[in-house]
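Enquirer: The structure file entry.cif (mmCIF, C-alpha atoms) is provided below.
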```
data_my_file
#
loop_
_atom_site.group_PDB
_atom_site.id
_atom_site.type_symbol
_atom_site.label_atom_id
_atom_site.label_comp_id
_atom_site.auth_asym_id
_atom_site.auth_seq_id
_atom_site.Cartn_x
_atom_site.Cartn_y
_atom_site.Cartn_z
ATOM 1 C CA MET M 21 -12.488 11.671 -29.203
ATOM 2 C CA LEU M 22 -13.484 9.934 -25.952
ATOM 3 C CA ASN M 23 -14.736 6.818 -27.695
ATOM 4 C CA HIS M 24 -11.441 6.220 -29.538
ATOM 5 C CA GLY M 25 -8.917 7.464 -26.978
ATOM 6 C CA GLY M 26 -10.674 6.709 -23.712
ATOM 7 C CA VAL M 27 -12.096 8.847 -20.935
ATOM 8 C CA PRO M 28 -9.495 11.186 -19.372
ATOM 9 C CA LYS M 29 -8.930 11.314 -15.631
ATOM 10 C CA GLU M 30 -10.770 14.027 -13.765
ATOM 11 C CA ARG M 31 -8.710 17.154 -13.309
ATOM 12 C CA ASP M 32 -9.219 20.898 -13.117
ATOM 13 C CA VAL M 33 -8.792 22.087 -16.694
ATOM 14 C CA GLU M 34 -10.731 24.590 -18.752
ATOM 15 C CA PHE M 35 -12.691 23.143 -21.642
ATOM 16 C CA ASP M 36 -12.002 25.158 -24.793
ATOM 17 C CA CYS M 37 -13.452 22.857 -27.487
ATOM 18 C CA ASN M 38 -10.004 21.421 -28.218
ATOM 19 C CA GLU M 39 -10.120 18.064 -30.030
ATOM 20 C CA ASP M 40 -6.651 16.960 -28.892
ATOM 21 C CA HIS M 41 -6.903 14.118 -26.403
ATOM 22 C CA PRO M 42 -5.377 14.572 -22.915
ATOM 23 C CA ALA M 43 -2.099 12.810 -22.208
ATOM 24 C CA ASP M 44 -3.420 10.594 -19.402
ATOM 25 C CA PRO M 45 -6.585 8.842 -20.619
ATOM 26 C CA GLU M 46 -8.040 5.577 -19.341
ATOM 27 C CA PRO M 47 -8.048 3.607 -22.620
ATOM 28 C CA ASN M 48 -10.144 0.776 -21.150
ATOM 29 C CA ILE M 49 -12.981 3.161 -20.220
ATOM 30 C CA THR M 50 -14.927 4.477 -23.185
ATOM 31 C CA ILE M 51 -18.351 5.896 -23.947
ATOM 32 C CA ASN M 52 -20.325 3.000 -25.360
ATOM 33 C CA SER M 53 -23.463 4.950 -26.239
ATOM 34 C CA TYR M 54 -25.781 7.596 -24.864
ATOM 35 C CA LEU M 55 -29.381 7.888 -23.731
ATOM 36 C CA THR M 56 -31.792 10.802 -23.802
ATOM 37 C CA PHE M 57 -34.769 11.847 -21.702
ATOM 38 C CA ASP M 58 -37.778 13.853 -22.764
ATOM 39 C CA THR M 59 -38.827 15.132 -19.350
ATOM 40 C CA LEU M 60 -37.119 16.799 -16.422
ATOM 41 C CA GLU M 61 -38.541 14.195 -14.033
ATOM 42 C CA GLU M 62 -36.790 11.337 -15.869
ATOM 43 C CA ALA M 63 -33.512 13.250 -15.918
ATOM 44 C CA LEU M 64 -33.632 13.977 -12.186
ATOM 45 C CA ALA M 65 -34.130 10.274 -11.443
ATOM 46 C CA GLN M 66 -30.919 9.476 -13.357
ATOM 47 C CA LEU M 67 -29.107 12.349 -11.621
ATOM 48 C CA ARG M 68 -28.757 10.160 -8.521
ATOM 49 C CA LYS M 69 -26.203 8.079 -10.464
ATOM 50 C CA GLN M 70 -24.334 10.628 -12.590
ATOM 51 C CA PRO M 71 -24.425 14.225 -13.922
ATOM 52 C CA ILE M 72 -26.869 14.891 -16.741
ATOM 53 C CA GLY M 73 -26.206 16.968 -19.838
ATOM 54 C CA ALA M 74 -28.914 19.440 -20.828
ATOM 55 C CA SER M 75 -29.684 22.479 -22.955
ATOM 56 C CA LEU M 76 -30.420 25.692 -21.081
ATOM 57 C CA LEU M 77 -32.613 28.363 -22.603
ATOM 58 C CA GLU M 78 -30.124 31.217 -22.921
ATOM 59 C CA PHE M 79 -31.509 34.732 -22.621
ATOM 60 C CA SER M 80 -29.445 37.906 -22.659
ATOM 61 C CA GLU M 81 -29.535 38.561 -18.885
ATOM 62 C CA LEU M 82 -27.937 35.212 -18.071
ATOM 63 C CA TRP M 83 -24.401 36.582 -18.354
ATOM 64 C CA ASN M 84 -25.176 39.642 -16.238
ATOM 65 C CA LEU M 85 -26.292 37.671 -13.190
ATOM 66 C CA LYS M 86 -24.508 38.012 -9.875
ATOM 67 C CA LYS M 87 -22.528 35.001 -8.672
ATOM 68 C CA ASP M 88 -25.155 33.659 -6.274
ATOM 69 C CA ALA M 89 -28.282 34.793 -8.147
ATOM 70 C CA ILE M 90 -30.899 32.411 -9.547
ATOM 71 C CA TYR M 91 -31.512 32.337 -13.290
ATOM 72 C CA TYR M 92 -35.218 32.700 -14.131
ATOM 73 C CA GLY M 93 -34.973 33.154 -17.888
ATOM 74 C CA PRO M 94 -36.411 36.339 -19.457
ATOM 75 C CA THR M 95 -37.244 38.809 -16.683
ATOM 76 C CA GLU M 96 -36.691 42.152 -18.442
ATOM 77 C CA ALA M 97 -38.668 43.951 -21.103
ATOM 78 C CA ASP M 98 -35.761 44.036 -23.528
ATOM 79 C CA SER M 99 -34.697 40.400 -23.033
ATOM 80 C CA TYR M 100 -33.896 38.464 -26.167
ATOM 81 C CA LEU M 101 -33.103 34.830 -26.883
ATOM 82 C CA LEU M 102 -29.491 33.954 -27.687
ATOM 83 C CA GLY M 103 -30.033 30.224 -28.154
ATOM 84 C CA TYR M 104 -29.523 27.044 -26.175
ATOM 85 C CA HIS M 105 -26.435 26.633 -24.015
ATOM 86 C CA GLY M 106 -25.066 23.184 -23.130
ATOM 87 C CA VAL M 107 -24.658 22.579 -19.381
ATOM 88 C CA ASP M 108 -24.170 19.712 -16.936
ATOM 89 C CA ILE M 109 -26.734 19.320 -14.164
ATOM 90 C CA VAL M 110 -24.709 18.205 -11.144
ATOM 91 C CA ASP M 111 -27.066 18.738 -8.204
ATOM 92 C CA ILE M 112 -30.548 19.746 -7.066
ATOM 93 C CA GLN M 113 -30.618 22.246 -4.186
ATOM 94 C CA PHE M 114 -33.137 24.040 -2.004
ATOM 95 C CA TYR M 115 -31.725 27.559 -2.200
ATOM 96 C CA ASN M 116 -33.429 30.727 -0.885
ATOM 97 C CA ASN M 117 -36.665 28.752 -0.408
ATOM 98 C CA GLU M 118 -36.627 27.601 -4.035
ATOM 99 C CA VAL M 119 -35.761 24.348 -5.778
ATOM 100 C CA VAL M 120 -32.918 24.990 -8.214
ATOM 101 C CA ALA M 121 -30.598 22.965 -10.432
ATOM 102 C CA LEU M 122 -26.882 23.560 -9.958
ATOM 103 C CA CYS M 123 -25.444 23.615 -13.481
ATOM 104 C CA LYS M 124 -21.822 23.554 -14.570
ATOM 105 C CA PHE M 125 -20.966 25.685 -17.596
ATOM 106 C CA SER M 126 -18.162 25.049 -20.092
ATOM 107 C CA ASN M 127 -17.056 28.693 -20.092
ATOM 108 C CA GLY M 128 -14.501 28.380 -17.290
ATOM 109 C CA THR M 129 -14.487 29.580 -13.698
ATOM 110 C CA HIS M 130 -14.851 33.280 -14.538
ATOM 111 C CA VAL M 131 -18.630 33.006 -15.018
ATOM 112 C CA GLY M 132 -21.190 32.520 -12.262
ATOM 113 C CA ARG M 133 -19.879 31.059 -9.022
ATOM 114 C CA ASP M 134 -16.628 29.384 -10.148
ATOM 115 C CA GLY M 135 -18.284 28.266 -13.374
ATOM 116 C CA TYR M 136 -21.641 27.218 -11.860
ATOM 117 C CA PHE M 137 -25.112 28.788 -12.115
ATOM 118 C CA ARG M 138 -28.318 28.040 -10.217
ATOM 119 C CA VAL M 139 -31.281 27.588 -12.549
ATOM 120 C CA SER M 140 -34.871 27.857 -11.359
ATOM 121 C CA LEU M 141 -36.867 24.636 -11.706
ATOM 122 C CA GLY M 142 -40.138 26.399 -10.985
ATOM 123 C CA THR M 143 -40.022 28.655 -14.041
ATOM 124 C CA ARG M 144 -41.956 27.522 -17.136
ATOM 125 C CA TYR M 145 -41.977 29.129 -20.575
ATOM 126 C CA MET M 146 -43.685 28.844 -23.964
ATOM 127 C CA MET M 147 -42.474 30.084 -27.334
ATOM 128 C CA ILE M 148 -45.231 32.226 -28.817
ATOM 129 C CA GLY M 149 -43.409 33.219 -31.985
ATOM 130 C CA CYS M 150 -40.043 34.070 -33.545
ATOM 131 C CA ASP M 151 -38.604 35.624 -36.674
ATOM 132 C CA GLU M 152 -37.789 33.640 -39.787
ATOM 133 C CA LYS M 153 -34.065 33.655 -39.080
ATOM 134 C CA SER M 154 -34.521 31.870 -35.729
ATOM 135 C CA ALA M 155 -37.329 29.550 -36.798
ATOM 136 C CA GLU M 156 -34.979 26.672 -37.676
ATOM 137 C CA THR M 157 -33.196 26.666 -34.315
ATOM 138 C CA VAL M 158 -35.994 27.492 -31.862
ATOM 139 C CA ARG M 159 -37.790 24.419 -30.551
ATOM 140 C CA PRO M 160 -41.573 24.504 -30.436
ATOM 141 C CA THR M 161 -43.231 24.313 -27.013
ATOM 142 C CA PRO M 162 -46.843 23.108 -27.259
ATOM 143 C CA THR M 163 -47.018 23.084 -23.449
ATOM 144 C CA PRO M 164 -45.159 25.082 -20.766
ATOM 145 C CA GLU M 165 -41.653 23.652 -20.258
ATOM 146 C CA PRO M 166 -38.762 24.227 -17.822
ATOM 147 C CA LEU M 167 -35.707 26.269 -18.733
ATOM 148 C CA LEU M 168 -33.720 23.024 -19.067
ATOM 149 C CA CYS M 169 -34.452 20.553 -21.857
ATOM 150 C CA ASN M 170 -32.851 18.025 -24.229
ATOM 151 C CA PHE M 171 -31.499 15.817 -21.439
ATOM 152 C CA ILE M 172 -28.700 13.406 -22.340
ATOM 153 C CA PHE M 173 -26.108 11.285 -20.552
ATOM 154 C CA PRO M 174 -23.315 8.939 -21.703
ATOM 155 C CA VAL M 175 -23.278 5.200 -21.089
ATOM 156 C CA ILE M 176 -19.796 4.304 -19.831
ATOM 157 C CA HIS M 177 -18.263 1.004 -20.962
ATOM 158 C CA GLU M 178 -15.273 -0.485 -19.138
ATOM 159 C CA THR M 179 -13.230 -3.368 -20.565
ATOM 160 C CA PRO M 180 -10.713 -5.454 -18.568
ATOM 161 C CA LYS M 181 -7.176 -4.122 -18.668
ATOM 162 C CA PRO M 182 -4.631 -6.106 -20.746
ATOM 163 C CA GLU M 183 -2.458 -8.622 -18.917
ATOM 164 C CA GLY M 184 0.623 -7.055 -17.386
ATOM 165 C CA GLU M 185 -1.029 -3.796 -16.338
ATOM 166 C CA GLY M 186 -1.322 -3.229 -12.624
ATOM 167 C CA GLU M 187 0.925 -6.179 -11.631
ATOM 168 C CA GLY M 188 2.722 -4.114 -9.011
ATOM 169 C CA GLU M 189 -0.539 -3.330 -7.287
ATOM 170 C CA GLY M 190 -1.752 -6.917 -7.494
ATOM 171 C CA GLU M 191 1.408 -8.364 -5.925
ATOM 172 C CA GLY M 192 1.217 -5.996 -2.983
ATOM 173 C CA GLU M 193 -2.433 -6.782 -2.366
ATOM 174 C CA GLY M 194 -1.916 -10.533 -2.659
ATOM 175 C CA GLU M 195 0.934 -10.630 -0.121
ATOM 176 C CA GLY M 196 -1.045 -8.587 2.377
ATOM 177 C CA GLU M 197 -4.046 -10.900 2.108
ATOM 178 C CA GLY M 198 -1.890 -13.986 2.413
ATOM 179 C CA GLU M 199 -0.385 -12.880 5.729
ATOM 180 C CA GLY M 200 -3.808 -12.287 7.208
ATOM 181 C CA GLU M 201 -5.509 -15.463 5.942
ATOM 182 C CA GLY M 202 -2.850 -18.095 6.520
ATOM 183 C CA GLU M 203 0.468 -19.563 5.424
ATOM 184 C CA GLY M 204 1.025 -19.386 1.695
ATOM 185 C CA GLU M 205 -2.452 -18.079 0.828
ATOM 186 C CA GLY M 206 -2.808 -15.034 -1.399
ATOM 187 C CA GLU M 207 0.841 -14.865 -2.455
ATOM 188 C CA GLY M 208 -0.132 -15.348 -6.092
ATOM 189 C CA GLU M 209 0.883 -17.724 -8.862
ATOM 190 C CA GLY M 210 4.223 -15.996 -9.353
ATOM 191 C CA GLU M 211 5.267 -16.602 -5.736
ATOM 192 C CA ALA M 212 4.187 -20.262 -5.894
ATOM 193 C CA GLU M 213 6.350 -20.821 -8.981
ATOM 194 C CA LYS M 214 9.353 -19.289 -7.204
ATOM 195 C CA GLN M 215 8.890 -21.628 -4.228
ATOM 196 C CA GLU M 216 8.581 -24.684 -6.506
ATOM 197 C CA LEU M 217 11.794 -23.717 -8.314
ATOM 198 C CA LYS M 218 13.627 -23.393 -4.984
ATOM 199 C CA ARG M 219 12.453 -26.880 -3.937
ATOM 200 C CA LYS M 220 13.862 -28.383 -7.131
ATOM 201 C CA ARG M 221 17.201 -26.651 -6.560
ATOM 202 C CA GLY M 222 17.343 -27.713 -2.940
ATOM 203 C CA GLU M 223 17.283 -24.139 -1.685
ATOM 204 C CA PRO M 224 15.369 -23.334 1.514
ATOM 205 C CA THR M 225 11.815 -22.179 0.884
ATOM 206 C CA HIS M 226 9.557 -20.051 3.062
ATOM 207 C CA GLU M 227 7.965 -23.196 4.484
ATOM 208 C CA ARG M 228 11.315 -24.781 5.421
ATOM 209 C CA LYS M 229 12.545 -21.542 6.911
ATOM 210 C CA ARG M 230 9.455 -21.349 9.110
ATOM 211 C CA ARG M 231 10.029 -24.929 10.335
ATOM 212 C CA CYS M 232 13.734 -24.450 10.978
ATOM 213 C CA THR M 233 13.777 -21.062 12.600
ATOM 214 C CA PRO M 234 12.065 -22.013 15.915
ATOM 215 C CA LYS M 235 14.475 -24.931 16.490
ATOM 216 C CA ARG M 236 17.515 -22.712 16.024
ATOM 217 C CA GLN M 237 16.074 -20.191 18.440
ATOM 218 C CA ASN M 238 15.470 -22.910 21.041
ATOM 219 C CA LEU M 239 19.039 -24.124 20.714
ATOM 220 C CA ARG M 240 20.355 -20.660 21.312
ATOM 221 C CA ARG M 241 18.326 -20.446 24.514
ATOM 222 C CA ARG M 242 19.470 -23.845 25.852
ATOM 223 C CA ARG M 243 23.234 -23.496 25.334
ATOM 224 C CA PRO M 244 23.821 -20.816 27.988
ATOM 225 C CA PHE M 245 21.724 -22.827 30.461
ATOM 226 C CA HIS M 246 23.743 -26.084 30.018
ATOM 227 C CA ASP M 247 27.053 -24.266 30.060
ATOM 228 C CA HIS M 248 26.084 -22.513 33.275
ATOM 229 C CA GLY M 249 25.077 -25.835 34.832
ATOM 230 C CA ASP M 250 28.415 -27.452 33.956
ATOM 231 C CA LYS M 251 30.286 -24.645 35.672
ATOM 232 C CA LYS M 252 28.254 -25.146 38.858
ATOM 233 C CA LYS M 253 29.019 -28.885 38.864
ATOM 234 C CA LYS M 254 32.721 -28.199 38.527
ATOM 235 C CA GLN M 255 32.616 -25.757 41.429
ATOM 236 C CA ILE M 256 30.815 -28.232 43.689
ATOM 237 C CA SER M 257 33.076 -31.139 42.838
ATOM 238 C CA GLY M 258 36.142 -28.964 43.317
#
```
Written as C-alpha cells, how would this file's structure read?

Expert:
Amino acid sequence: MLNHGGVPKERDVEFDCNEDHPADPEPNITINSYLTFDTLEEALAQLRKQPIGASLLEFSELWNLKKDAIYYGPTEADSYLLGYHGVDIVDIQFYNNEVVALCKFSNGTHVGRDGYFRVSLGTRYMMIGCDEKSAETVRPTPTPEPLLCNFIFPVIHETPKPEGEGEGEGEGEGEGEGEGEGEGEGEGEGEAEKQELKRKRGEPTHERKRRCTPKRQNLRRRRPFHDHGDKKKKQISG
C-alpha cells in the first residue's frame, strides 16, 4: 500500500488494518526496501535515526498491566504465551531505575499509557518447550534473549517532485532572497522573462523604475524651494 501510493502524512489516526490508502499521501516518498537486525544492540544503534519495528513476546498479563507499569514478560504461575505482537520502539528511557524501551502499540490509545507500553530491557527468556500446536509459531531460543526480537525498519526513498508542484512556494522564496542579496537576484527565471518582454514592448521595467524614481522625488523637493525664492525676489524688487 505504501510502496504504490506513497507514505501518508503523520496524523493522529487509529490503525485498524485497513488497506485503503489515506487521502493525503506524499506520492514522491515511498518505501524502497527494508532492513532487519538480529540483535537488540544493532537495533538500538539505528533507533537514533528512526523508530524500529519489533516483535514483542506477548504473555497473558501484558493486557492487565497498569498504565505506567513495566512489562517483564511472564511473572505469574498461570502465565501463558499468546504469541508475538508487533510494536514500534520509539525511545529508550531510564524509568524507575531501570532501562526500558518505550513501545507504541497498534491497538489504539485505550491500552497502556495512550497506546504506549514500557518494556524491560533487562529481562531475558528461553523457550524450554511447547505443545505441538504452537511448535510452528514459537521461535527457538538457544541462548537467553530479550523480550523484543525480529527487528526491522523501512528504507525511505524520496524522488524529486514533478515540475509544476510547489511553484507558489518557490516564487515566494526566490523573491525574498533576491531582495536580501541584491538587485534582480533570486527573482527566478519567470520574473526575468517578464522583464525581458517589457523591454521589448517599451514598458518600464523594475530597473528603469528604480533609476527614474529618485529623480522625480528630487524634482518634487526642488520646485517649492525655487518658487519660494522667486516670491522673495519679487518682494524685494517691489

Enquirer: Could you tell me which residues the PyMOL selection byres ((chain M and resi 73-85) around 9) returns for this structure, as a PyMOL selection string?

Expert: chain M and resi 71-72+86-96+98-110+131-132+139+166-174

Enquirer: Using CA of Asp151 (chain M) and CA of Glu165 (chain M) as the two end points, give the distance in Å to one decimal.

Expert: 20.5 Å

Enquirer: Expand the PyMOL selection byres ((chain M and resi 51) around 6) into the individual residues it matches in the shown file, reporting them as a list in words.

Expert: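 That expression, the PyMOL selection byres ((chain M and resi 51) around 6), corresponds here to Asn23, Thr50, Asn52, Ser53, Val175, Ile176 and His177 of chain M.
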
Enquirer: Let me see the file: selected residues, C-alpha atoms, as a PDB file, in the coordinates of the input.

Expert:
```pdb
ATOM      1  CA  ASN M  23     -14.736   6.818 -27.695  1.00  0.00           C
ATOM      2  CA  THR M  50     -14.927   4.477 -23.185  1.00  0.00           C
ATOM      3  CA  ASN M  52     -20.325   3.000 -25.360  1.00  0.00           C
ATOM      4  CA  SER M  53     -23.463   4.950 -26.239  1.00  0.00           C
ATOM      5  CA  VAL M 175     -23.278   5.200 -21.089  1.00  0.00           C
ATOM      6  CA  ILE M 176     -19.796   4.304 -19.831  1.00  0.00           C
ATOM      7  CA  HIS M 177     -18.263   1.004 -20.962  1.00  0.00           C
TER       8      HIS M 177
END
```

Enquirer: For CA of Pro162 (chain M) and CA of Phe137 (chain M), quote the distance in Å rounded to one decimal.

Expert: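 CA of Pro162 (chain M) sits 27.1 Å away from CA of Phe137 (chain M).
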
Enquirer: Would you please work out which residue, of M:Asn127, M:Asn48, M:Lys69, M:Thr163, is nearest to Pro182 (chain M) when using all atoms listed in the file?

Expert: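 Of M:Asn127, M:Asn48, M:Lys69, M:Thr163, the one nearest Pro182 (chain M), counting all atoms listed in the file, is M:Asn48.
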
Enquirer: As an exercise, work out the distance from CA of Met147 (chain M) to CA of Arg133 (chain M) in Å and give it to one decimal place.

Expert: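 Between CA of Met147 (chain M) and CA of Arg133 (chain M) the gap is 29.1 Å.
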
Enquirer: Nearest to Leu67 (chain M): which of M:Arg138, M:Glu183, M:Pro47, M:Cys123 is it, counting only C-alpha atoms?

Expert: M:Cys123

Enquirer: Taking into account all atoms listed in the file, which residue in the set M:Glu46, M:Glu118, M:Glu178, M:Glu62 is nearest to Ser140 (chain M)?

Expert: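 Smallest distance to Ser140 (chain M) is found for M:Glu118.
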
Enquirer: Taking the file as shown, find all residues satisfying the PyMOL selection byres ((chain M and resi 145) around 6) and write them as a ChimeraX atom specification.

Expert: /M:144,146,164-165
